[in-house]
file model_3.txt (compact mmCIF, C-alpha atoms)
# COMPACT_ATOMS: atom_id res chain seq x y z
CA MET A 1 249.85 78.37 167.07
CA LEU A 2 246.76 76.42 167.31
CA LEU A 3 245.41 74.93 164.06
CA LEU A 4 241.79 73.65 164.12
CA VAL A 5 241.15 71.14 161.47
CA PRO A 6 237.52 69.93 161.03
CA THR A 7 237.36 66.26 161.08
CA ALA A 8 233.68 65.83 160.05
CA GLY A 9 231.09 67.70 157.77
CA THR A 10 227.85 69.48 158.92
CA THR A 11 224.70 67.34 158.69
CA LEU A 12 221.91 68.84 156.43
CA ALA A 13 219.42 65.96 156.62
CA ALA A 14 215.64 66.72 157.32
CA TRP A 15 212.63 64.64 158.08
CA THR A 16 209.80 64.36 155.39
CA ASP A 17 206.33 62.93 155.23
CA ARG A 18 203.57 62.42 152.57
CA SER A 19 199.82 61.97 152.74
CA THR A 20 197.52 61.02 149.73
CA VAL A 21 193.82 61.68 149.66
CA ALA A 22 192.00 59.61 147.02
CA GLY A 23 188.43 60.41 145.81
CA ASP A 24 185.94 57.92 144.40
CA GLY A 25 186.84 58.96 140.80
CA PHE A 26 185.51 61.41 138.15
CA THR A 27 182.95 60.85 135.39
CA SER A 28 181.93 63.12 132.55
CA GLY A 29 178.42 64.23 131.80
CA ARG A 30 176.88 64.05 128.35
CA LEU A 31 175.11 66.31 125.94
CA ASP A 32 172.08 64.64 124.47
CA LEU A 33 169.66 66.25 122.03
CA VAL A 34 166.72 63.89 121.97
CA VAL A 35 164.45 64.02 118.95
CA ASP A 36 161.24 62.05 118.99
CA GLY A 37 162.55 60.19 122.03
CA ARG A 38 165.62 58.97 120.24
CA THR A 39 168.61 59.51 122.43
CA GLY A 40 172.31 58.96 121.92
CA LEU A 41 174.45 59.28 118.85
CA ASP A 42 173.35 60.89 115.67
CA THR A 43 171.51 58.36 113.61
CA THR A 44 169.07 59.81 111.15
CA HIS A 45 165.61 58.57 111.79
CA ALA A 46 162.80 58.61 109.30
CA ARG A 47 159.52 60.43 109.61
CA PRO A 48 157.47 58.97 106.80
CA ASP A 49 154.56 61.20 107.72
CA LEU A 50 156.63 64.03 106.25
CA ALA A 51 156.87 62.21 102.93
CA LEU A 52 154.26 62.74 100.26
CA GLU A 53 153.74 61.08 96.91
CA GLY A 54 152.60 62.88 93.83
CA MET A 55 152.69 66.40 95.19
CA VAL A 56 151.29 69.10 92.96
CA PRO A 57 151.86 72.82 93.34
CA GLY A 58 150.08 74.17 96.36
CA GLU A 59 150.19 70.97 98.36
CA SER A 60 152.08 70.65 101.61
CA THR A 61 152.96 68.12 104.27
CA ALA A 62 153.79 68.70 107.91
CA ALA A 63 155.07 66.75 110.89
CA THR A 64 155.71 67.59 114.51
CA LEU A 65 159.08 66.72 115.98
CA SER A 66 159.68 66.52 119.70
CA VAL A 67 163.01 68.11 120.61
CA ALA A 68 164.26 67.52 124.15
CA ASN A 69 167.40 68.16 126.10
CA GLY A 70 168.11 64.80 127.69
CA GLY A 71 171.68 65.55 128.71
CA ASP A 72 173.37 66.95 131.73
CA ALA A 73 173.86 70.53 130.58
CA ASP A 74 171.94 73.29 128.94
CA LEU A 75 172.46 73.50 125.22
CA ASP A 76 171.75 75.54 122.12
CA TRP A 77 170.55 73.75 119.04
CA THR A 78 170.58 75.07 115.51
CA PRO A 79 168.52 73.56 112.72
CA THR A 80 169.73 72.99 109.20
CA VAL A 81 167.29 71.97 106.49
CA THR A 82 168.34 70.30 103.28
CA THR A 83 166.23 69.09 100.43
CA GLY A 84 167.46 66.52 98.01
CA GLY A 85 166.57 64.43 94.99
CA GLY A 86 165.08 65.60 91.77
CA LEU A 87 162.26 67.41 93.50
CA GLY A 88 164.45 68.88 96.22
CA PRO A 89 165.14 72.27 94.62
CA ALA A 90 161.45 72.92 94.25
CA LEU A 91 160.48 72.19 97.84
CA THR A 92 160.27 74.93 100.43
CA VAL A 93 160.57 74.01 104.08
CA GLU A 94 159.57 76.02 107.12
CA LEU A 95 160.26 75.26 110.77
CA TRP A 96 157.86 76.44 113.43
CA LEU A 97 159.14 76.34 117.00
CA GLY A 98 156.32 75.40 119.29
CA GLY A 99 154.04 74.67 116.36
CA ARG A 100 152.09 71.52 115.79
CA ALA A 101 151.26 69.83 112.53
CA SER A 102 147.67 69.56 111.41
CA ALA A 103 146.06 66.19 110.97
CA ASP A 104 147.10 63.99 108.09
CA ASP A 105 145.39 65.20 104.93
CA THR A 106 144.77 62.55 102.32
CA THR A 107 142.35 64.31 100.00
CA TYR A 108 143.18 66.67 97.18
CA PRO A 109 144.52 69.24 97.63
CA ARG A 110 146.60 67.97 100.53
CA THR A 111 147.40 71.06 102.55
CA GLU A 112 148.79 70.17 105.93
CA THR A 113 149.94 73.11 108.02
CA CYS A 114 151.75 74.07 111.20
CA THR A 115 149.57 75.70 113.81
CA GLY A 116 150.93 77.98 116.48
CA GLY A 117 154.52 78.65 117.40
CA THR A 118 156.92 81.04 115.81
CA ARG A 119 158.73 80.73 112.51
CA LEU A 120 162.30 79.64 113.04
CA LEU A 121 164.48 81.50 110.61
CA PRO A 122 167.55 79.86 109.09
CA GLY A 123 170.65 79.97 111.26
CA ARG A 124 168.87 80.91 114.42
CA SER A 125 169.69 78.80 117.47
CA VAL A 126 167.33 77.74 120.21
CA ARG A 127 168.22 77.48 123.88
CA ALA A 128 167.15 74.22 125.49
CA ASP A 129 167.51 73.97 129.24
CA ARG A 130 168.37 70.64 130.73
CA GLY A 131 165.28 68.48 130.83
CA SER A 132 163.17 70.73 128.60
CA THR A 133 161.10 69.59 125.61
CA ARG A 134 159.81 71.69 122.68
CA ASP A 135 157.71 70.91 119.64
CA LEU A 136 159.19 71.65 116.25
CA CYS A 137 156.80 71.59 113.33
CA VAL A 138 158.30 70.91 109.91
CA LEU A 139 156.26 72.15 106.96
CA ALA A 140 157.28 71.15 103.43
CA THR A 141 155.46 72.79 100.53
CA LEU A 142 155.53 72.49 96.77
CA PRO A 143 154.72 76.13 96.01
CA THR A 144 152.35 77.25 93.30
CA SER A 145 155.33 78.89 91.63
CA THR A 146 156.95 75.51 91.04
CA ASP A 147 158.45 75.35 87.58
CA ASP A 148 156.98 73.12 84.92
CA ALA A 149 160.18 71.09 84.85
CA TYR A 150 159.29 69.57 88.21
CA GLN A 151 156.34 67.56 86.99
CA GLY A 152 156.63 63.85 87.62
CA ARG A 153 159.78 63.85 89.74
CA THR A 154 160.27 60.49 91.37
CA SER A 155 162.81 61.44 94.01
CA GLY A 156 162.89 64.07 96.67
CA SER A 157 163.58 64.35 100.34
CA VAL A 158 163.62 66.70 103.28
CA THR A 159 166.23 66.37 106.01
CA VAL A 160 166.26 68.37 109.20
CA ARG A 161 169.51 68.29 111.13
CA LEU A 162 169.78 69.73 114.61
CA ASP A 163 173.25 70.60 115.88
CA ALA A 164 173.49 71.05 119.63
CA THR A 165 176.26 72.79 121.51
CA GLN A 166 176.71 72.90 125.25
CA VAL A 167 176.05 76.23 126.84
CA THR A 168 179.30 77.23 128.52
CA THR A 169 178.35 80.64 129.74
CA PRO A 170 175.44 81.32 132.01
CA MET B 1 216.42 74.19 133.60
CA THR B 2 213.62 72.34 131.93
CA SER B 3 211.22 72.86 134.78
CA ARG B 4 212.17 76.52 135.00
CA ALA B 5 211.52 76.99 131.27
CA GLY B 6 208.16 75.28 131.54
CA LEU B 7 207.19 77.42 134.50
CA SER B 8 208.18 80.54 132.60
CA ALA B 9 206.08 79.55 129.61
CA LEU B 10 203.08 78.92 131.84
CA VAL B 11 203.46 82.31 133.49
CA VAL B 12 203.73 84.03 130.10
CA THR B 13 200.68 82.18 128.77
CA LEU B 14 198.61 83.10 131.79
CA LEU B 15 199.61 86.70 131.37
CA LEU B 16 198.66 86.70 127.69
CA VAL B 17 195.34 85.07 128.39
CA GLY B 18 194.72 87.46 131.24
CA LEU B 19 195.45 90.43 129.04
CA GLY B 20 193.17 89.08 126.39
CA TRP B 21 195.89 88.63 123.76
CA VAL B 22 195.20 84.92 123.41
CA PRO B 23 191.63 83.55 123.34
CA ALA B 24 190.79 81.18 126.07
CA THR B 25 189.66 77.72 125.14
CA ARG B 26 185.92 77.28 125.48
CA ALA B 27 185.54 73.61 124.85
CA ALA B 28 181.98 72.33 124.88
CA PHE B 29 180.20 69.10 124.28
CA THR B 30 178.13 68.77 121.09
CA ASP B 31 175.47 66.46 119.81
CA ARG B 32 173.51 66.08 116.61
CA ALA B 33 170.16 64.65 115.61
CA SER B 34 168.72 64.26 112.11
CA VAL B 35 165.30 63.53 110.77
CA ASP B 36 164.59 62.46 107.21
CA SER B 37 161.27 62.56 105.40
CA GLY B 38 161.63 59.58 103.16
CA THR B 39 160.71 59.96 99.52
CA VAL B 40 158.77 62.97 98.32
CA THR B 41 157.57 62.86 94.72
CA SER B 42 155.63 65.17 92.47
CA GLY B 43 152.61 64.44 90.35
CA SER B 44 152.04 65.54 86.80
CA MET B 45 149.36 66.80 84.48
CA THR B 46 147.67 64.61 81.92
CA THR B 47 147.93 65.91 78.41
CA PRO B 48 144.54 67.19 77.25
CA ALA B 49 142.89 65.31 74.44
CA THR B 50 142.98 66.93 71.01
CA PRO B 51 140.23 69.56 71.03
CA THR B 52 137.12 69.58 68.93
CA VAL B 53 136.83 72.54 66.58
CA ALA B 54 133.70 73.76 64.85
CA GLN B 55 132.31 76.96 63.42
CA ARG B 56 129.42 78.51 65.26
CA SER B 57 126.25 79.22 63.38
CA GLY B 58 125.23 82.83 63.59
CA THR B 59 128.49 84.42 64.70
CA GLY B 60 130.74 82.37 62.48
CA LEU B 61 133.34 82.30 65.22
CA THR B 62 135.47 79.20 65.58
CA ARG B 63 134.56 77.32 68.73
CA VAL B 64 137.15 75.11 70.36
CA SER B 65 135.98 72.64 72.97
CA TRP B 66 137.80 69.97 74.92
CA ALA B 67 137.51 67.38 77.64
CA ALA B 68 138.80 67.96 81.16
CA SER B 69 142.28 66.78 81.97
CA ARG B 70 143.71 65.88 85.35
CA VAL B 71 146.42 67.02 87.71
CA GLY B 72 147.98 64.39 89.92
CA THR B 73 146.12 61.27 90.92
CA LEU B 74 143.76 62.53 93.60
CA GLY B 75 141.22 64.36 91.50
CA GLY B 76 143.06 67.58 90.84
CA VAL B 77 142.07 69.55 87.77
CA PRO B 78 143.78 72.36 85.90
CA THR B 79 143.13 75.89 87.08
CA ALA B 80 142.69 77.15 83.56
CA TYR B 81 142.83 76.21 79.90
CA GLU B 82 144.26 78.30 77.11
CA VAL B 83 143.56 77.78 73.43
CA TYR B 84 146.38 78.47 71.02
CA ARG B 85 146.29 78.85 67.28
CA TYR B 86 149.21 77.85 65.12
CA ALA B 87 149.90 78.45 61.47
CA GLY B 88 151.41 74.98 61.05
CA ALA B 89 150.75 71.46 62.24
CA THR B 90 154.04 71.47 64.13
CA GLY B 91 156.30 74.12 65.53
CA GLY B 92 155.54 77.75 64.95
CA THR B 93 154.56 80.55 67.25
CA PRO B 94 151.41 80.02 69.31
CA VAL B 95 148.80 82.73 69.32
CA LEU B 96 146.57 82.81 72.37
CA THR B 97 143.01 83.00 71.14
CA CYS B 98 140.92 82.51 74.25
CA SER B 99 141.03 80.98 77.71
CA VAL B 100 138.76 79.50 80.34
CA THR B 101 139.25 79.68 84.08
CA VAL B 102 138.00 76.50 85.62
CA ALA B 103 135.05 76.99 87.95
CA ASP B 104 131.97 75.04 88.84
CA GLY B 105 129.84 74.72 85.77
CA ALA B 106 132.31 76.41 83.46
CA ALA B 107 132.06 75.11 79.92
CA LEU B 108 135.30 73.75 78.57
CA ALA B 109 135.01 75.69 75.34
CA CYS B 110 135.75 79.14 74.00
CA ASP B 111 135.64 81.04 70.74
CA ASP B 112 138.48 82.32 68.64
CA PRO B 113 137.34 85.89 68.09
CA SER B 114 139.76 86.56 65.23
CA ARG B 115 137.63 85.25 62.35
CA VAL B 116 140.88 84.19 60.80
CA GLY B 117 140.64 82.49 57.42
CA GLY B 118 142.54 79.66 55.82
CA THR B 119 143.78 76.49 57.43
CA VAL B 120 144.96 76.86 61.01
CA HIS B 121 145.71 74.46 63.86
CA TYR B 122 144.31 74.63 67.37
CA ALA B 123 145.71 73.18 70.59
CA VAL B 124 144.45 73.44 74.14
CA ARG B 125 146.92 73.97 76.94
CA ALA B 126 145.99 73.07 80.51
CA THR B 127 147.61 75.19 83.20
CA PHE B 128 148.06 74.61 86.89
CA GLY B 129 149.76 76.79 89.45
CA ASP B 130 151.99 79.45 88.01
CA HIS B 131 153.99 77.33 85.63
CA TRP B 132 152.72 73.81 85.13
CA ARG B 133 151.52 73.25 81.60
CA ALA B 134 150.32 70.40 79.40
CA GLU B 135 149.37 70.95 75.78
CA SER B 136 147.29 68.77 73.51
CA SER B 137 147.97 67.74 69.98
CA ARG B 138 146.72 70.14 67.31
CA ARG B 139 143.45 70.02 65.45
CA THR B 140 143.49 71.28 61.89
CA PHE B 141 140.59 73.47 60.89
CA ALA B 142 139.58 75.79 58.09
CA ALA B 143 136.71 78.13 58.84
CA ASP B 144 134.24 79.20 56.18
CA ARG B 145 134.98 82.84 55.57
CA THR B 146 133.30 83.10 52.18
CA GLY B 147 130.07 84.99 51.79
CA PRO B 148 127.11 83.91 49.65
CA VAL B 149 127.17 84.16 45.92
CA VAL B 150 124.70 86.87 44.99
CA ALA B 151 123.33 87.19 41.50
CA VAL B 152 121.18 90.14 40.53
CA GLY B 153 118.80 89.04 37.80
CA GLU B 154 117.13 92.39 37.33
CA PRO B 155 117.80 95.18 36.74
CA PRO B 156 120.79 94.36 34.58
CA ASP B 157 123.90 96.12 35.77
CA GLY B 158 124.95 98.89 33.47
CA PHE B 159 121.68 99.16 31.60
CA ARG B 160 121.18 102.52 29.99
CA GLY B 161 118.07 103.35 28.05
CA GLY B 162 114.62 104.70 28.18
CA ALA B 163 112.43 104.15 31.20
CA ASN B 164 110.01 102.10 29.12
CA ALA B 165 112.79 99.85 27.94
CA LEU B 166 114.01 99.45 31.47
CA ARG B 167 110.57 98.50 32.72
CA ARG B 168 110.19 95.95 29.96
CA GLU B 169 113.57 94.48 30.72
CA VAL B 170 112.89 94.14 34.43
CA SER B 171 109.42 92.77 33.89
CA ARG B 172 110.75 90.16 31.54
CA GLY B 173 113.22 88.92 34.14
CA CYS B 174 111.34 89.28 37.40
CA GLY B 175 107.69 89.81 36.59
CA SER B 176 105.72 93.03 36.50
CA ASP B 177 105.20 93.26 40.21
CA VAL B 178 108.88 92.92 41.10
CA PRO B 179 111.30 95.83 40.53
CA ALA B 180 114.41 93.73 41.34
CA CYS B 181 115.17 90.08 41.82
CA GLY B 182 117.99 87.59 41.97
CA THR B 183 119.45 84.66 43.86
CA ALA B 184 121.80 84.09 46.77
CA THR B 185 123.48 80.76 47.39
CA ASP B 186 125.91 79.48 49.98
CA ALA B 187 127.03 76.06 51.08
CA ALA B 188 126.30 76.89 54.70
CA GLY B 189 122.94 78.42 53.91
CA VAL B 190 121.86 82.01 53.39
CA SER B 191 120.44 83.52 56.52
CA SER B 192 119.34 86.93 55.26
CA VAL B 193 119.12 89.19 52.21
CA VAL B 194 118.58 92.91 52.55
CA TRP B 195 118.44 95.60 49.93
CA ALA B 196 118.52 99.34 49.38
CA LEU B 197 117.28 100.97 46.18
CA THR B 198 117.97 104.59 45.40
CA VAL B 199 117.39 106.89 42.51
CA VAL B 200 119.15 110.11 41.71
CA GLY B 201 117.12 112.28 39.39
CA THR B 202 118.43 114.32 36.54
CA GLY B 203 119.14 118.00 36.55
CA PRO B 204 121.26 120.29 38.66
CA ARG B 205 118.98 120.09 41.69
CA ALA B 206 118.55 116.38 41.66
CA THR B 207 118.41 114.63 45.02
CA THR B 208 118.83 111.05 46.16
CA ARG B 209 115.62 109.27 47.05
CA CYS B 210 115.08 105.93 48.74
CA TRP B 211 112.61 103.23 47.76
CA ASN B 212 110.85 101.86 50.82
CA GLY B 213 108.88 99.13 49.10
CA THR B 214 105.93 101.32 48.42
CA ARG B 215 107.23 104.69 47.31
CA PHE B 216 110.29 106.88 47.10
CA THR B 217 111.21 109.12 50.01
CA ASP B 218 113.95 111.65 50.46
CA GLN B 219 117.24 110.24 51.64
CA PRO B 220 117.76 110.95 55.33
CA ALA B 221 120.08 113.82 56.04
CA SER B 222 121.99 111.56 58.36
CA GLY B 223 123.25 109.28 55.63
CA SER B 224 122.38 106.52 53.24
CA CYS B 225 119.08 104.91 52.56
CA PRO B 226 117.97 102.30 55.08
CA GLN B 227 118.19 98.66 54.18
CA ALA B 228 115.12 96.46 54.19
CA ALA B 229 114.67 92.72 54.21
CA ALA B 230 114.05 91.14 50.85
CA THR B 231 111.27 88.74 50.21
CA THR B 232 112.82 85.33 49.84
CA SER B 233 111.87 81.87 48.76
CA THR B 234 113.86 78.71 48.83
CA THR B 235 115.20 77.27 45.63
CA ARG B 236 117.19 74.13 44.94
CA ASP B 237 120.48 76.03 45.18
CA GLY B 238 119.67 78.64 47.81
CA LEU B 239 117.33 81.57 47.95
CA ARG B 240 115.48 83.65 45.38
CA TRP B 241 115.09 87.19 46.61
CA THR B 242 112.89 90.00 45.41
CA VAL B 243 112.45 93.68 46.20
CA PRO B 244 108.87 94.61 46.98
CA GLY B 245 107.04 97.08 44.79
CA SER B 246 106.04 97.33 41.20
CA VAL B 247 108.11 97.99 38.12
CA GLU B 248 105.83 100.85 37.12
CA ASP B 249 106.22 102.63 40.45
CA VAL B 250 109.97 102.24 40.73
CA TYR B 251 111.20 102.95 37.23
CA ARG B 252 108.82 105.78 36.50
CA ASP B 253 111.23 108.70 36.28
CA ARG B 254 114.46 109.34 34.56
CA GLY B 255 117.56 109.03 36.65
CA GLU B 256 120.21 106.67 37.91
CA TYR B 257 118.91 103.75 39.92
CA THR B 258 121.25 101.93 42.25
CA LEU B 259 120.39 98.66 43.91
CA THR B 260 122.50 97.34 46.75
CA VAL B 261 121.95 93.75 47.91
CA VAL B 262 123.57 92.40 51.05
CA ALA B 263 123.41 88.65 51.68
CA THR B 264 124.64 86.97 54.85
CA ASP B 265 125.29 83.27 55.30
CA ALA B 266 124.91 81.10 58.38
CA PHE B 267 128.42 81.95 59.54
CA ALA B 268 127.93 85.70 59.29
CA ASN B 269 129.89 85.98 56.08
CA VAL B 270 128.57 88.90 54.05
CA THR B 271 128.47 89.60 50.36
CA THR B 272 127.47 93.02 49.07
CA THR B 273 126.56 93.48 45.46
CA THR B 274 125.62 96.74 43.75
CA VAL B 275 124.14 97.31 40.33
CA SER B 276 123.28 100.57 38.65
CA VAL B 277 121.03 101.33 35.73
CA THR B 278 120.16 104.61 34.07
CA ALA B 279 116.77 105.55 32.69
CA THR B 280 117.05 108.32 30.18

call {"tool": "encode", "arguments": {"input": "model_3.txt", "output": "structure tokens"}}
result
Amino acid sequence: MLLLVPTAGTTLAAWTDRSTVAGDGFTSGRLDLVVDGRTGLDTTHARPDLALEGMVPGESTAATLSVANGGDADLDWTPTVTTGGGLGPALTVELWLGGRASADDTTYPRTETCTGGTRLLPGRSVRADRGSTRDLCVLATLPTSTDDAYQGRTSGSVTVRLDATQVTTP
Amino acid sequence: MTSRAGLSALVVTLLLVGLGWVPATRAAFTDRASVDSGTVTSGSMTTPATPTVAQRSGTGLTRVSWAASRVGTLGGVPTAYEVYRYAGATGGTPVLTCSVTVADGAALACDDPSRVGGTVHYAVRATFGDHWRAESSRRTFAADRTGPVVAVGEPPDGFRGGANALRREVSRGCGSDVPACGTATDAAGVSSVVWALTVVGTGPRATTRCWNGTRFTDQPASGSCPQAAATTSTTRDGLRWTVPGSVEDVYRDRGEYTLTVVATDAFANVTTTTVSVTAT
């Protein structure tokens, strides 16, 4: 009887190798809604030409904003208008996309207007391709229907906020 | 085991997303820009000055006039003015009496057409736009709504007697050439006196006849006798009025004579007085 007894185990070792390819690094783009040439983070900027002292019913003030897409991607922007102060509830504000404000009117009755463009209804967003610029005319009016209680109000303001969102679908 | 569990979870998630059971993440960059107007203020209306109130000669209507007020500080003016009448100096319910829409050359005055009497209070309210208002203080005023005092000297009301006696009576008071006379007085002045003199004869077929200053004529079928202007002269207290004609011509026949005198003052206040006498 022959008995074979293994005296050593089977070798399972294998050769390996590794190769690493390194790029130059990644950077992110930015979304930048530029209003009146002001780029970067949201910091409210004043347009005193939209202010008016001593408004009486029927008078209006207007200003043209320049809205540009200065970022790296197309975007949609949506305007939100708020009025504040004691006179705020009485003010009506219209936005005219592509419109331009008339010249500064300093004689009674001061009736500045927006010329051209299309009325931008509340909640509607506007597509802005990368690198594009549009005019946005802001028209604030104290309507003839203004209540008697709004005589002599010493505070009031109009704020236009534009919220931009990157376009993620073509 | 850990890596196998993680791999399983990834596979399940991908399946769910692929089947649409879990919404895919659509992360996007955002940005915001804000523009502020600065301070916007409103103007106001100046309160109109207390109006001037006077009574108009001729019509007697109460005229309210006022000075222009302002809206804002750049030369704005009200679009209209309304005049209100109140029963009291304060409070109370305003009654709109008249209004003026502002236009080039428009007079800032209007008349209260009501001819209301007694003491009332007027205020002018400037209006602008649909709702802006500014009201003046009130001016107290009492219009003259009293007519002249008319006295008929002759013939004496209620006289009843013979025609001769009547003629003597009238002649004694007015003179032989005047069939009726009297006075009319008023603080504002008497502007006119008119009269009508009729006689109704006796008997079942008697008719009404009208004195026209010269003779009697039949009363018009259409109605009463026409009125004619009296002859007047100024006295210290007012006017003396007379009816033209002669006593002999007027009070010639028997019958009932009726004289109606209507006096009007400078503010169109009217007093009507009637006297009747009977010649038997």

call {"tool": "residues_around", "arguments": {"input": "model_3.txt", "residues": "Asp105 of chain A", "least_positions_apart": "2", "cutoff": "12 Å", "atoms": "all atoms listed in the file", "output": "list in words"}}
result
Asp49, Leu50, Leu52, Glu59, Ser60, Thr61, Ala62, Ala63, Ala101, Ser102, Ala103, Thr107, Tyr108, Pro109, Arg110, Thr111, Glu112 and Thr113 of chain A; Leu74 of chain B

call {"tool": "atom_distance", "arguments": {"input": "model_3.txt", "atom1": "atom CA of Pro220 of chain B", "atom2": "atom CA of Leu259 of chain B"}}
result
17.0 Å

call {"tool": "atom_distance", "arguments": {"input": "model_3.txt", "atom1": "atom CA of Ala134 of chain B", "atom2": "atom CA of Thr47 of chain B"}}
result
5.2 Å

call {"tool": "residues_around", "arguments": {"input": "model_3.txt", "residues": "Gly213 of chain B", "least_positions_apart": "3", "cutoff": "10 Å", "atoms": "only C-alpha atoms", "output": "ChimeraX atom specification"}}
result
/B:179,196-197,210,216,228,230,243-246,249-250

call {"tool": "atom_distance", "arguments": {"input": "model_3.txt", "atom1": "atom CA of Gly238 of chain B", "atom2": "atom CA of Gly182 of chain B"}}
result
10.8 Å

call {"tool": "residues_around", "arguments": {"input": "model_3.txt", "residues": "Gly70 of chain A", "least_positions_apart": "3", "cutoff": "12 Å", "atoms": "all atoms listed in the file", "output": "ChimeraX atom specification"}}
result
/A:29-40,66-67,73-75,128-134,164 /B:31

call {"tool": "closest_atom_pairs", "arguments": {"input": "model_3.txt", "of": "chain A", "to": "chain B", "cutoff": "6 Å", "atoms": "all atoms listed in the file", "output": "tab-separated table"}}
result
residue	atom	partner	partner_atom	distance
A:Asp42	CA	B:Ala33	CA	4.9
A:Thr44	CA	B:Ser34	CA	4.6
A:His45	CA	B:Val35	CA	5.1
A:Ala46	CA	B:Asp36	CA	4.7
A:Arg47	CA	B:Ser37	CA	5.0
A:Pro48	CA	B:Ser37	CA	5.4
A:Leu50	CA	B:Ser37	CA	4.9
A:Ala51	CA	B:Val40	CA	5.0
A:Leu52	CA	B:Val40	CA	4.9
A:Glu53	CA	B:Thr41	CA	4.8
A:Gly54	CA	B:Gly43	CA	3.8
A:Met55	CA	B:Ser42	CA	4.2
A:Val56	CA	B:Gly43	CA	5.5
A:Pro57	CA	B:Gly129	CA	5.9
A:Tyr108	CA	B:Leu74	CA	5.5
A:Thr144	CA	B:Gly129	CA	4.7
A:Ser145	CA	B:Asp130	CA	5.0
A:Asp147	CA	B:His131	CA	5.3
A:Asp148	CA	B:Trp132	CA	4.3
A:Gln151	CA	B:Ser44	CA	4.8
A:Gly152	CA	B:Gly43	CA	4.9
A:Arg153	CA	B:Ser42	CA	5.1
A:Thr154	CA	B:Thr41	CA	4.9
A:Ser155	CA	B:Thr41	CA	5.5
A:Gly156	CA	B:Val40	CA	4.6
A:Ser157	CA	B:Thr39	CA	5.3
A:Val158	CA	B:Ser37	CA	5.2
A:Thr159	CA	B:Asp36	CA	4.4
A:Val160	CA	B:Val35	CA	5.2
A:Arg161	CA	B:Ser34	CA	4.2
A:Leu162	CA	B:Ala33	CA	5.2
A:Asp163	CA	B:Arg32	CA	4.6
A:Ala164	CA	B:Asp31	CA	5.0
A:Thr165	CA	B:Thr30	CA	4.5
A:Gln166	CA	B:Phe29	CA	5.2
